[in-house]
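**Student:** Data: input-v9.txt, compact mmCIF, N, CA and C atoms and all ligand atoms.
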# COMPACT_ATOMS: atom_id res chain seq x y z
N MET W 1 72.31 94.08 16.26
CA MET W 1 72.18 94.07 17.73
C MET W 1 71.52 95.36 18.21
N SER W 2 70.61 95.23 19.14
CA SER W 2 69.88 96.41 19.60
C SER W 2 70.76 97.30 20.49
N THR W 3 70.49 98.58 20.42
CA THR W 3 71.23 99.57 21.20
C THR W 3 70.25 100.32 22.11
N ILE W 4 70.77 101.32 22.79
CA ILE W 4 69.91 102.15 23.64
C ILE W 4 68.83 102.86 22.79
N PHE W 5 69.12 103.12 21.53
CA PHE W 5 68.10 103.75 20.68
C PHE W 5 66.98 102.76 20.35
N GLY W 6 67.32 101.47 20.26
CA GLY W 6 66.28 100.44 20.10
C GLY W 6 65.33 100.47 21.30
N LYS W 7 65.89 100.67 22.48
CA LYS W 7 65.06 100.74 23.70
C LYS W 7 64.15 101.96 23.67
N ILE W 8 64.65 103.07 23.11
CA ILE W 8 63.81 104.29 22.99
C ILE W 8 62.69 104.02 21.99
N ILE W 9 63.00 103.39 20.86
CA ILE W 9 61.97 103.06 19.87
C ILE W 9 60.88 102.20 20.50
N ARG W 10 61.29 101.23 21.30
CA ARG W 10 60.33 100.30 21.92
C ARG W 10 59.72 100.86 23.21
N ARG W 11 60.07 102.09 23.54
CA ARG W 11 59.55 102.77 24.74
C ARG W 11 59.96 102.05 26.03
N GLU W 12 61.11 101.40 25.99
CA GLU W 12 61.61 100.73 27.20
C GLU W 12 62.35 101.71 28.10
N ILE W 13 62.86 102.79 27.50
CA ILE W 13 63.44 103.88 28.29
C ILE W 13 62.87 105.19 27.75
N PRO W 14 62.77 106.20 28.61
CA PRO W 14 62.12 107.45 28.18
C PRO W 14 63.02 108.32 27.30
N ALA W 15 62.38 109.14 26.50
CA ALA W 15 63.07 110.15 25.70
C ALA W 15 62.05 111.24 25.41
N THR W 16 62.56 112.44 25.14
CA THR W 16 61.66 113.53 24.75
C THR W 16 61.52 113.49 23.23
N ILE W 17 60.44 112.85 22.79
CA ILE W 17 60.22 112.63 21.37
C ILE W 17 59.58 113.88 20.75
N VAL W 18 60.17 114.34 19.65
CA VAL W 18 59.65 115.55 18.99
C VAL W 18 58.99 115.24 17.65
N TYR W 19 59.24 114.04 17.11
CA TYR W 19 58.62 113.66 15.83
C TYR W 19 58.64 112.14 15.73
N GLU W 20 57.57 111.59 15.14
CA GLU W 20 57.54 110.14 14.91
C GLU W 20 56.66 109.84 13.71
N ASP W 21 57.09 108.88 12.89
CA ASP W 21 56.22 108.31 11.87
C ASP W 21 56.55 106.83 11.76
N ASP W 22 56.08 106.19 10.71
CA ASP W 22 56.26 104.73 10.62
C ASP W 22 57.72 104.32 10.43
N ARG W 23 58.55 105.22 9.91
CA ARG W 23 59.95 104.87 9.62
C ARG W 23 60.98 105.59 10.46
N ALA W 24 60.57 106.67 11.09
CA ALA W 24 61.56 107.54 11.75
C ALA W 24 61.11 107.98 13.14
N LEU W 25 62.10 108.30 13.97
CA LEU W 25 61.83 108.84 15.30
C LEU W 25 62.84 109.97 15.53
N ALA W 26 62.40 111.05 16.14
CA ALA W 26 63.31 112.16 16.48
C ALA W 26 63.09 112.51 17.94
N PHE W 27 64.20 112.65 18.66
CA PHE W 27 64.11 112.95 20.10
C PHE W 27 65.29 113.81 20.52
N GLU W 28 65.12 114.48 21.65
CA GLU W 28 66.18 115.38 22.14
C GLU W 28 67.39 114.58 22.61
N ASP W 29 68.59 115.08 22.26
CA ASP W 29 69.82 114.46 22.74
C ASP W 29 69.93 114.68 24.25
N ILE W 30 70.30 113.63 24.99
CA ILE W 30 70.36 113.70 26.45
C ILE W 30 71.52 114.59 26.92
N ASN W 31 72.50 114.80 26.06
CA ASN W 31 73.68 115.61 26.41
C ASN W 31 73.89 116.65 25.31
N PRO W 32 73.01 117.66 25.27
CA PRO W 32 72.99 118.56 24.11
C PRO W 32 74.28 119.33 23.91
N ALA W 33 74.70 119.42 22.63
CA ALA W 33 75.91 120.16 22.26
C ALA W 33 75.56 121.54 21.73
N ALA W 34 74.27 121.86 21.72
CA ALA W 34 73.79 123.16 21.23
C ALA W 34 72.41 123.38 21.85
N PRO W 35 71.92 124.62 21.85
CA PRO W 35 70.58 124.87 22.42
C PRO W 35 69.51 123.97 21.79
N PHE W 36 69.65 123.70 20.50
CA PHE W 36 68.76 122.73 19.84
C PHE W 36 69.62 121.54 19.41
N HIS W 37 69.31 120.36 19.92
CA HIS W 37 70.08 119.16 19.55
C HIS W 37 69.13 117.97 19.58
N VAL W 38 68.71 117.60 18.39
CA VAL W 38 67.76 116.49 18.23
C VAL W 38 68.44 115.40 17.42
N LEU W 39 68.13 114.16 17.74
CA LEU W 39 68.63 113.01 16.99
C LEU W 39 67.51 112.44 16.14
N VAL W 40 67.78 112.22 14.88
CA VAL W 40 66.80 111.61 13.97
C VAL W 40 67.30 110.23 13.62
N ILE W 41 66.48 109.22 13.89
CA ILE W 41 66.91 107.84 13.67
C ILE W 41 65.87 107.06 12.87
N PRO W 42 66.33 106.01 12.16
CA PRO W 42 65.36 105.11 11.55
C PRO W 42 64.85 104.13 12.60
N LYS W 43 63.62 103.66 12.46
CA LYS W 43 63.14 102.62 13.36
C LYS W 43 63.82 101.29 13.05
N GLN W 44 64.21 101.14 11.80
CA GLN W 44 64.96 99.95 11.38
C GLN W 44 66.37 100.01 11.98
N GLU W 45 66.86 98.87 12.42
CA GLU W 45 68.19 98.87 13.02
C GLU W 45 69.28 98.83 11.95
N ILE W 46 69.86 99.98 11.70
CA ILE W 46 70.97 100.14 10.75
C ILE W 46 72.12 100.71 11.58
N VAL W 47 73.33 100.20 11.39
CA VAL W 47 74.45 100.57 12.28
C VAL W 47 74.93 102.00 12.05
N ASN W 48 75.23 102.34 10.80
CA ASN W 48 75.75 103.68 10.49
C ASN W 48 75.76 103.88 8.98
N VAL W 49 76.25 105.02 8.54
CA VAL W 49 76.28 105.31 7.10
C VAL W 49 77.16 104.29 6.37
N GLY W 50 78.21 103.85 7.04
CA GLY W 50 79.12 102.89 6.43
C GLY W 50 78.48 101.54 6.15
N SER W 51 77.36 101.27 6.79
CA SER W 51 76.71 99.96 6.59
C SER W 51 75.46 100.06 5.72
N LEU W 52 75.23 101.24 5.14
CA LEU W 52 74.01 101.41 4.33
C LEU W 52 74.08 100.55 3.06
N ALA W 53 72.93 100.04 2.66
CA ALA W 53 72.81 99.31 1.40
C ALA W 53 72.07 100.20 0.40
N GLU W 54 72.19 99.86 -0.88
CA GLU W 54 71.53 100.63 -1.93
C GLU W 54 70.02 100.77 -1.65
N GLY W 55 69.45 99.72 -1.12
CA GLY W 55 68.01 99.72 -0.85
C GLY W 55 67.60 100.64 0.28
N ASP W 56 68.55 101.20 1.01
CA ASP W 56 68.24 102.12 2.13
C ASP W 56 68.13 103.57 1.66
N ALA W 57 68.36 103.81 0.37
CA ALA W 57 68.45 105.19 -0.11
C ALA W 57 67.18 106.01 0.16
N ALA W 58 66.02 105.42 -0.08
CA ALA W 58 64.78 106.17 0.13
C ALA W 58 64.59 106.49 1.61
N LEU W 59 64.93 105.52 2.46
CA LEU W 59 64.80 105.74 3.91
C LEU W 59 65.72 106.88 4.36
N VAL W 60 66.94 106.88 3.88
CA VAL W 60 67.89 107.93 4.29
C VAL W 60 67.42 109.30 3.80
N GLY W 61 66.87 109.33 2.59
CA GLY W 61 66.30 110.59 2.09
C GLY W 61 65.18 111.07 3.00
N HIS W 62 64.36 110.14 3.43
CA HIS W 62 63.27 110.49 4.34
C HIS W 62 63.81 111.03 5.66
N LEU W 63 64.84 110.38 6.18
CA LEU W 63 65.41 110.82 7.47
C LEU W 63 65.95 112.25 7.35
N LEU W 64 66.58 112.56 6.22
CA LEU W 64 67.10 113.93 6.05
C LEU W 64 65.95 114.93 5.94
N ARG W 65 64.87 114.51 5.32
CA ARG W 65 63.68 115.38 5.25
C ARG W 65 63.14 115.63 6.66
N VAL W 66 63.17 114.58 7.51
CA VAL W 66 62.72 114.74 8.90
C VAL W 66 63.66 115.71 9.64
N CYS W 67 64.95 115.64 9.36
CA CYS W 67 65.90 116.59 9.97
C CYS W 67 65.47 118.03 9.64
N GLY W 68 65.16 118.27 8.38
CA GLY W 68 64.74 119.60 7.97
C GLY W 68 63.43 120.02 8.64
N LYS W 69 62.55 119.05 8.77
CA LYS W 69 61.24 119.34 9.36
C LYS W 69 61.34 119.72 10.84
N VAL W 70 62.14 118.96 11.61
CA VAL W 70 62.24 119.27 13.04
C VAL W 70 62.93 120.63 13.24
N ALA W 71 63.89 120.93 12.38
CA ALA W 71 64.56 122.24 12.48
C ALA W 71 63.58 123.36 12.13
N GLU W 72 62.81 123.16 11.09
CA GLU W 72 61.82 124.16 10.67
C GLU W 72 60.80 124.38 11.78
N GLU W 73 60.33 123.27 12.38
CA GLU W 73 59.33 123.39 13.44
C GLU W 73 59.89 124.11 14.67
N ALA W 74 61.21 124.05 14.85
CA ALA W 74 61.84 124.75 15.97
C ALA W 74 62.15 126.21 15.60
N GLY W 75 61.82 126.59 14.38
CA GLY W 75 62.04 127.97 13.95
C GLY W 75 63.47 128.25 13.52
N LEU W 76 64.23 127.19 13.21
CA LEU W 76 65.63 127.38 12.84
C LEU W 76 65.77 127.50 11.33
N SER W 77 66.40 128.57 10.89
CA SER W 77 66.70 128.67 9.46
C SER W 77 68.11 128.14 9.19
N ASP W 78 68.98 128.27 10.18
CA ASP W 78 70.35 127.77 10.06
C ASP W 78 70.55 126.64 11.06
N PHE W 79 71.03 125.54 10.58
CA PHE W 79 71.27 124.39 11.46
C PHE W 79 72.26 123.47 10.79
N ARG W 80 72.78 122.50 11.54
CA ARG W 80 73.75 121.54 11.00
C ARG W 80 73.23 120.12 11.20
N VAL W 81 73.43 119.28 10.21
CA VAL W 81 73.10 117.85 10.31
C VAL W 81 74.42 117.09 10.25
N VAL W 82 74.68 116.27 11.27
CA VAL W 82 75.95 115.53 11.37
C VAL W 82 75.66 114.07 11.66
N THR W 83 76.43 113.19 11.06
CA THR W 83 76.35 111.78 11.44
C THR W 83 77.76 111.22 11.55
N ASN W 84 78.05 110.56 12.64
CA ASN W 84 79.35 109.95 12.87
C ASN W 84 79.27 108.48 12.48
N SER W 85 80.20 108.02 11.67
CA SER W 85 80.17 106.64 11.21
C SER W 85 81.46 105.95 11.64
N GLY W 86 81.39 105.17 12.71
CA GLY W 86 82.55 104.47 13.24
C GLY W 86 83.11 105.15 14.49
N GLU W 87 83.70 104.33 15.34
CA GLU W 87 84.21 104.81 16.64
C GLU W 87 85.23 105.94 16.48
N GLY W 88 86.12 105.80 15.50
CA GLY W 88 87.17 106.81 15.28
C GLY W 88 86.61 108.15 14.83
N ALA W 89 85.38 108.14 14.34
CA ALA W 89 84.72 109.38 13.91
C ALA W 89 83.82 109.94 15.02
N GLY W 90 83.81 109.25 16.17
CA GLY W 90 83.03 109.76 17.29
C GLY W 90 81.70 109.07 17.51
N GLN W 91 81.44 107.98 16.78
CA GLN W 91 80.16 107.29 16.98
C GLN W 91 80.20 106.50 18.29
N SER W 92 79.22 106.72 19.13
CA SER W 92 79.16 106.00 20.41
C SER W 92 77.93 105.12 20.51
N VAL W 93 76.92 105.39 19.70
CA VAL W 93 75.71 104.54 19.69
C VAL W 93 75.61 103.98 18.27
N PHE W 94 75.63 102.64 18.18
CA PHE W 94 75.74 102.01 16.87
C PHE W 94 74.36 101.68 16.28
N HIS W 95 73.58 102.73 16.21
CA HIS W 95 72.28 102.75 15.50
C HIS W 95 72.31 104.07 14.75
N LEU W 96 72.19 104.00 13.41
CA LEU W 96 72.28 105.20 12.57
C LEU W 96 71.49 106.38 13.16
N HIS W 97 72.13 107.53 13.24
CA HIS W 97 71.41 108.72 13.72
C HIS W 97 72.03 109.97 13.11
N PHE W 98 71.16 110.93 12.87
CA PHE W 98 71.58 112.24 12.39
C PHE W 98 71.39 113.22 13.53
N HIS W 99 72.47 113.91 13.90
CA HIS W 99 72.38 114.98 14.89
C HIS W 99 71.88 116.22 14.14
N VAL W 100 70.87 116.89 14.67
CA VAL W 100 70.42 118.17 14.13
C VAL W 100 70.74 119.21 15.20
N LEU W 101 71.67 120.11 14.88
CA LEU W 101 72.19 121.08 15.85
C LEU W 101 71.88 122.50 15.41
N GLY W 102 71.48 123.32 16.34
CA GLY W 102 71.22 124.72 16.00
C GLY W 102 71.01 125.56 17.25
N GLY W 103 70.72 126.82 17.01
CA GLY W 103 70.45 127.72 18.13
C GLY W 103 71.69 128.46 18.61
N ARG W 104 72.81 128.23 17.97
CA ARG W 104 74.04 128.98 18.27
C ARG W 104 74.90 129.00 17.01
N ALA W 105 75.92 129.85 16.99
CA ALA W 105 76.85 129.87 15.85
C ALA W 105 77.62 128.56 15.84
N LEU W 106 77.76 127.96 14.67
CA LEU W 106 78.45 126.67 14.56
C LEU W 106 79.72 126.85 13.74
N LYS W 107 80.82 126.49 14.34
CA LYS W 107 82.13 126.68 13.66
C LYS W 107 82.39 125.54 12.67
N TRP W 108 83.24 125.81 11.71
CA TRP W 108 83.66 124.79 10.75
C TRP W 108 85.16 124.85 10.56
N PRO W 109 85.93 123.76 10.49
CA PRO W 109 85.42 122.39 10.57
C PRO W 109 85.18 121.95 12.01
N PRO W 110 84.31 120.96 12.21
CA PRO W 110 84.12 120.41 13.55
C PRO W 110 85.37 119.61 13.92
N GLY W 111 85.56 119.37 15.22
CA GLY W 111 86.75 118.66 15.74
C GLY W 111 86.98 117.43 14.98
P1 LIG W 201 77.29 109.62 18.55
O1 LIG W 201 78.40 109.86 19.55
O2 LIG W 201 77.41 110.33 17.26
O3 LIG W 201 77.07 108.11 18.38
O4 LIG W 201 75.99 110.20 19.20
C1 LIG W 201 75.25 109.55 20.18
C2 LIG W 201 74.43 110.59 20.86
O5 LIG W 201 73.41 109.91 21.58
C3 LIG W 201 75.19 111.45 21.86
O6 LIG W 201 75.10 112.83 21.48
C4 LIG W 201 74.51 111.15 23.19
O7 LIG W 201 74.42 112.29 24.02
C5 LIG W 201 73.15 110.66 22.75
N1 LIG W 201 72.47 109.77 23.68
C6 LIG W 201 72.98 108.67 24.29
N2 LIG W 201 72.04 108.09 25.04
C7 LIG W 201 70.91 108.81 24.89
C8 LIG W 201 69.60 108.72 25.42
N3 LIG W 201 69.23 107.75 26.27
N4 LIG W 201 68.68 109.66 25.05
C9 LIG W 201 69.04 110.65 24.22
N5 LIG W 201 70.26 110.79 23.68
C10 LIG W 201 71.19 109.90 24.02
Translate this structure into structure tokens?
Ligand code: AMP

**Tutor:**
Amino acid sequence: MSTIFGKIIRREIPATIVYEDDRALAFEDINPAAPFHVLVIPKQEIVNVGSLAEGDAALVGHLLRVCGKVAEEAGLSDFRVVTNSGEGAGQSVFHLHFHVLGGRALKWPPG
């Protein structure tokens, strides 16, 4: 089922896109939790990490590479990549996404 991120992929709603290729899209989070907060998503509709299939491995590797690339392009040497899988873990949009957070000190463990 399509989500708000599907609408961003199809350009039905606006987003500040920072990276795009044939498989991935990266855009600024509308409610940033850090000075740098970008979401990296697959164009393919995948719900979350819990729903990944073996055949998605190359795509997920690519998405993580895109996370590194957007952080590098922003000049960040230290950053965090987070993905919430399931409502109880804090997932609110059911289209796989990696949060790339940086630009401030990040505590561990997260809430
Ligand atoms: P999660 O809670 O892990 O599912 O993360 C969803 C993220 O999507 C949140 O950080 C939201 O702020 C962000 N978000 C929701 N709608 C939009 C939107 N239209 N454009 C950009 N980010 C959004």

**Student:** Find the axis-aligned box for ligand LIG 201 (chain W), covering all its listed atoms and adding 8 Å on each side, and write its centre and edge lengths in Å to one decimal as JSON.

**Tutor:**
{"center_x": 73.5, "center_y": 110.3, "center_z": 21.8, "size_x": 25.7, "size_y": 21.1, "size_z": 25.0}

**Student:** Between W:Glu45, W:Glu12, W:Glu87, W:Glu28, which has the minimum distance to ligand LIG 201 (chain W) (counting all atoms listed in the file)?

**Tutor:**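 Among the listed residues, W:Glu28 lies closest to ligand LIG 201 (chain W).
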
**Student:** Compute the set of protein, DNA and RNA residues whose minimum atom distance to ligand LIG 201 (chain W) is at most 6 Å, using only C-alpha atoms and all ligand atoms, and state it as a compact mmCIF listing (two decimals) with N, CA and C atoms, keeping the file's coordinate frame.

**Tutor:**
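And here's pocket_14.txt as it stands now:
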# COMPACT_ATOMS: atom_id res chain seq x y z
N ALA W 15 62.38 109.14 26.50
CA ALA W 15 63.07 110.15 25.70
C ALA W 15 62.05 111.24 25.41
N GLU W 28 65.12 114.48 21.65
CA GLU W 28 66.18 115.38 22.14
C GLU W 28 67.39 114.58 22.61
N ASP W 29 68.59 115.08 22.26
CA ASP W 29 69.82 114.46 22.74
C ASP W 29 69.93 114.68 24.25
N ILE W 30 70.30 113.63 24.99
CA ILE W 30 70.36 113.70 26.45
C ILE W 30 71.52 114.59 26.92
N ASN W 31 72.50 114.80 26.06
CA ASN W 31 73.68 115.61 26.41
C ASN W 31 73.89 116.65 25.31
N ASN W 84 78.05 110.56 12.64
CA ASN W 84 79.35 109.95 12.87
C ASN W 84 79.27 108.48 12.48
N GLY W 90 83.81 109.25 16.17
CA GLY W 90 83.03 109.76 17.29
C GLY W 90 81.70 109.07 17.51
N GLN W 91 81.44 107.98 16.78
CA GLN W 91 80.16 107.29 16.98
C GLN W 91 80.20 106.50 18.29
N SER W 92 79.22 106.72 19.13
CA SER W 92 79.16 106.00 20.41
C SER W 92 77.93 105.12 20.51
N VAL W 93 76.92 105.39 19.70
CA VAL W 93 75.71 104.54 19.69
C VAL W 93 75.61 103.98 18.27

**Student:** Could you name the residues that touch segment 59-73 of chain W at 10 Å or less, counting only C-alpha atoms, but leaving out those on the same chain fewer than 5 positions away, as a PyMOL selection string?

**Tutor:** chain W and resi 18-21+23-27+36-42+44+49+52+78-81+96-103

**Student:** Generate the output file for the selected residues, N, CA and C atoms, as an mmCIF file, keeping the file's coordinate frame.

**Tutor:**
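Output contents, as saved in again_19.cif:
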data_model
loop_
_atom_site.group_PDB
_atom_site.id
_atom_site.type_symbol
_atom_site.label_atom_id
_atom_site.label_comp_id
_atom_site.auth_asym_id
_atom_site.auth_seq_id
_atom_site.Cartn_x
_atom_site.Cartn_y
_atom_site.Cartn_z
ATOM 1 N N VAL W 18 60.170 114.340 19.650
ATOM 2 C CA VAL W 18 59.650 115.550 18.990
ATOM 3 C C VAL W 18 58.990 115.240 17.650
ATOM 4 N N TYR W 19 59.240 114.040 17.110
ATOM 5 C CA TYR W 19 58.620 113.660 15.830
ATOM 6 C C TYR W 19 58.640 112.140 15.730
ATOM 7 N N GLU W 20 57.570 111.590 15.140
ATOM 8 C CA GLU W 20 57.540 110.140 14.910
ATOM 9 C C GLU W 20 56.660 109.840 13.710
ATOM 10 N N ASP W 21 57.090 108.880 12.890
ATOM 11 C CA ASP W 21 56.220 108.310 11.870
ATOM 12 C C ASP W 21 56.550 106.830 11.760
ATOM 13 N N ARG W 23 58.550 105.220 9.910
ATOM 14 C CA ARG W 23 59.950 104.870 9.620
ATOM 15 C C ARG W 23 60.980 105.590 10.460
ATOM 16 N N ALA W 24 60.570 106.670 11.090
ATOM 17 C CA ALA W 24 61.560 107.540 11.750
ATOM 18 C C ALA W 24 61.110 107.980 13.140
ATOM 19 N N LEU W 25 62.100 108.300 13.970
ATOM 20 C CA LEU W 25 61.830 108.840 15.300
ATOM 21 C C LEU W 25 62.840 109.970 15.530
ATOM 22 N N ALA W 26 62.400 111.050 16.140
ATOM 23 C CA ALA W 26 63.310 112.160 16.480
ATOM 24 C C ALA W 26 63.090 112.510 17.940
ATOM 25 N N PHE W 27 64.200 112.650 18.660
ATOM 26 C CA PHE W 27 64.110 112.950 20.100
ATOM 27 C C PHE W 27 65.290 113.810 20.520
ATOM 28 N N PHE W 36 69.650 123.700 20.500
ATOM 29 C CA PHE W 36 68.760 122.730 19.840
ATOM 30 C C PHE W 36 69.620 121.540 19.410
ATOM 31 N N HIS W 37 69.310 120.360 19.920
ATOM 32 C CA HIS W 37 70.080 119.160 19.550
ATOM 33 C C HIS W 37 69.130 117.970 19.580
ATOM 34 N N VAL W 38 68.710 117.600 18.390
ATOM 35 C CA VAL W 38 67.760 116.490 18.230
ATOM 36 C C VAL W 38 68.440 115.400 17.420
ATOM 37 N N LEU W 39 68.130 114.160 17.740
ATOM 38 C CA LEU W 39 68.630 113.010 16.990
ATOM 39 C C LEU W 39 67.510 112.440 16.140
ATOM 40 N N VAL W 40 67.780 112.220 14.880
ATOM 41 C CA VAL W 40 66.800 111.610 13.970
ATOM 42 C C VAL W 40 67.300 110.230 13.620
ATOM 43 N N ILE W 41 66.480 109.220 13.890
ATOM 44 C CA ILE W 41 66.910 107.840 13.670
ATOM 45 C C ILE W 41 65.870 107.060 12.870
ATOM 46 N N PRO W 42 66.330 106.010 12.160
ATOM 47 C CA PRO W 42 65.360 105.110 11.550
ATOM 48 C C PRO W 42 64.850 104.130 12.600
ATOM 49 N N GLN W 44 64.210 101.140 11.800
ATOM 50 C CA GLN W 44 64.960 99.950 11.380
ATOM 51 C C GLN W 44 66.370 100.010 11.980
ATOM 52 N N VAL W 49 76.250 105.020 8.540
ATOM 53 C CA VAL W 49 76.280 105.310 7.100
ATOM 54 C C VAL W 49 77.160 104.290 6.370
ATOM 55 N N LEU W 52 75.230 101.240 5.140
ATOM 56 C CA LEU W 52 74.010 101.410 4.330
ATOM 57 C C LEU W 52 74.080 100.550 3.060
ATOM 58 N N ASP W 78 68.980 128.270 10.180
ATOM 59 C CA ASP W 78 70.350 127.770 10.060
ATOM 60 C C ASP W 78 70.550 126.640 11.060
ATOM 61 N N PHE W 79 71.030 125.540 10.580
ATOM 62 C CA PHE W 79 71.270 124.390 11.460
ATOM 63 C C PHE W 79 72.260 123.470 10.790
ATOM 64 N N ARG W 80 72.780 122.500 11.540
ATOM 65 C CA ARG W 80 73.750 121.540 11.000
ATOM 66 C C ARG W 80 73.230 120.120 11.200
ATOM 67 N N VAL W 81 73.430 119.280 10.210
ATOM 68 C CA VAL W 81 73.100 117.850 10.310
ATOM 69 C C VAL W 81 74.420 117.090 10.250
ATOM 70 N N LEU W 96 72.190 104.000 13.410
ATOM 71 C CA LEU W 96 72.280 105.200 12.570
ATOM 72 C C LEU W 96 71.490 106.380 13.160
ATOM 73 N N HIS W 97 72.130 107.530 13.240
ATOM 74 C CA HIS W 97 71.410 108.720 13.720
ATOM 75 C C HIS W 97 72.030 109.970 13.110
ATOM 76 N N PHE W 98 71.160 110.930 12.870
ATOM 77 C CA PHE W 98 71.580 112.240 12.390
ATOM 78 C C PHE W 98 71.390 113.220 13.530
ATOM 79 N N HIS W 99 72.470 113.910 13.900
ATOM 80 C CA HIS W 99 72.380 114.980 14.890
ATOM 81 C C HIS W 99 71.880 116.220 14.140
ATOM 82 N N VAL W 100 70.870 116.890 14.670
ATOM 83 C CA VAL W 100 70.420 118.170 14.130
ATOM 84 C C VAL W 100 70.740 119.210 15.200
ATOM 85 N N LEU W 101 71.670 120.110 14.880
ATOM 86 C CA LEU W 101 72.190 121.080 15.850
ATOM 87 C C LEU W 101 71.880 122.500 15.410
ATOM 88 N N GLY W 102 71.480 123.320 16.340
ATOM 89 C CA GLY W 102 71.220 124.720 16.000
ATOM 90 C C GLY W 102 71.010 125.560 17.250
ATOM 91 N N GLY W 103 70.720 126.820 17.010
ATOM 92 C CA GLY W 103 70.450 127.720 18.130
ATOM 93 C C GLY W 103 71.690 128.460 18.610
#

**Student:** Just how far from atom C of Ala34 of chain W is atom CA of Phe94 of chain W, in Å to one decimal?

**Tutor:**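 A separation of 22.2 Å between them.
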
**Student:** Which of chain W end up as strand (DSSP E or B) when DSSP is run on this backbone - answer as JSON, numbers by chain?

**Tutor:** {"W": [17, 18, 19, 20, 24, 25, 26, 27, 28, 36, 37, 38, 39, 40, 41, 42, 79, 80, 81, 82, 98, 99, 100, 101, 102]}

**Student:** Between atom N of Ile4 of chain W and atom CA of Ser51 of chain W, what is the spacing in Å?

**Tutor:**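 Interatomic distance here is 17.3 Å.
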
**Student:** What separation in Å, quoted to one decimal, exists between atom CA of Ala89 of chain W and atom CA of Trp108 of chain W?

**Tutor:** 15.8 Å

**Student:** Can you list, as a ChimeraX atom specification, all residues belonging to segment 15-96 of chain W that DSSP tags as alpha helix (DSSP H)?

**Tutor:** /W:57-73

**Student:** List the neighbours of Gly50 of chain W out to 9 Å using only C-alpha atoms; skip same-chain residues closer than 3 positions along the sequence, and give me the result as a list in words.

**Tutor:**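 The neighbour list is Val47, Ala53, Ser85 and Gly86 of chain W.
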